[in-house]
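Heads up, the thing below is written out as structure tokens.
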Amino acid sequence: MADTQKKYSDTAIALLKADLGFFGTQIPNDLETYLQALAENNLQPRFERFMTNEDGTPNAMNAAWGGISEFAEISMCISPGHKTTKNILARKAFTVSMATAQHVTACDYVGIVSANDVPDKFSRAGFHAVKSEFVNAPIIEELPMTVECKLLKFNEDGICIGEIVNVSADESILDESGKVDAKKLNPICYDSVTHAYRTLGEKVGQAFSDGKKIR
Ligand SMILES: Cc1cc2nc3c(=O)[nH]c(=O)nc-3n(C[C@H](O)[C@H](O)[C@H](O)COP(=O)(O)O)c2cc1C
């Protein structure tokens, strides 16, 4: 990743809202395909969640159940027994990257093996970590879009809530105007009916616009 800490201060939250399927008010045009596909197909965006173990080795898990819960907050349901959960509680920070079709095998691997049993699962997946400049957590080099978060709370229902402090994106997934291009990102979703990972289909409409025809 050439510039992992590229900061999109004006668009970071809007990009995130779009990528996670949140129907906000500042969604850039280039992410509407993804947004629309999520809504139309009732799919869960799929995330890789990262945190380091006590010895400093990076760790990651797969998390499908989550999304944006406030303007600059991300909420995800994660089990207390996961090594990642313990690491997040210890470090008070984590990062969330979009899983991509290109890295589907590695992304699934970190979701079926625990660092409680295989401490070096991160490197076995073929992933490499770089340090976040914004939070005390690593960024996975191979996945091109990452949300960096400070832990706000982990409640009794297993909901982990983080404050989004930065969004980093690799230049390879940006369009000519510097915004994340959903087609270049090529994120995958988890289809819980068939347990399949799916990419997104074609654009079928224009958010915050099509509905005006019958308003
Ligand atoms: C497709 C998929 C989605 C998953 N979603 C979640 C989730 O939303 N929450 C959760 O707690 N675990 C989820 N898991 C399970 C964890 O990723 C898995 O238990 C992982 O091995 C935990 O790793 P760790 O103990 O090293 O943190 C999911 C796994 C897969 C394959």
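Quick note on naming: the chains in the structure tokens go A, B, ... in the order shown, residues restart at 1 in each chain, and ligands are numbered from 1 in order of appearance.
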Problem set entry | Env. residues ligand 1 / 9 Å / only C-alpha atoms and all ligand atoms / as a ChimeraX atom specification | /A:46-51,59-66,76-87,107-119,121-122,158,189-192,195-197
Problem set entry | Close residues, Thr100 in chain A itself excluded, 8 Å, only C-alpha atoms, min 2 positions apart in chain, as number ranges by chain | A: 98, 102-104, 143, 185-188
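Comparing A:Glu156, A:Ala207, A:Pro144, A:Leu151 by their smallest distance to Glu171 in chain A, the closest is A:Pro144 (using only C-alpha atoms).
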Exercise. Closest to Glu148 in chain A among A:Leu200, A:Asn166, A:Asp175, A:Glu133, using only C-alpha atoms?
Worked result: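 Of A:Leu200, A:Asn166, A:Asp175, A:Glu133, the one nearest Glu148 in chain A is A:Asn166, counting only C-alpha atoms.
Proximity ranking of A:Gly205, A:Ala90, A:Ala72, A:Lys213 relative to Glu54 in chain A places A:Ala90 first, based on only C-alpha atoms.
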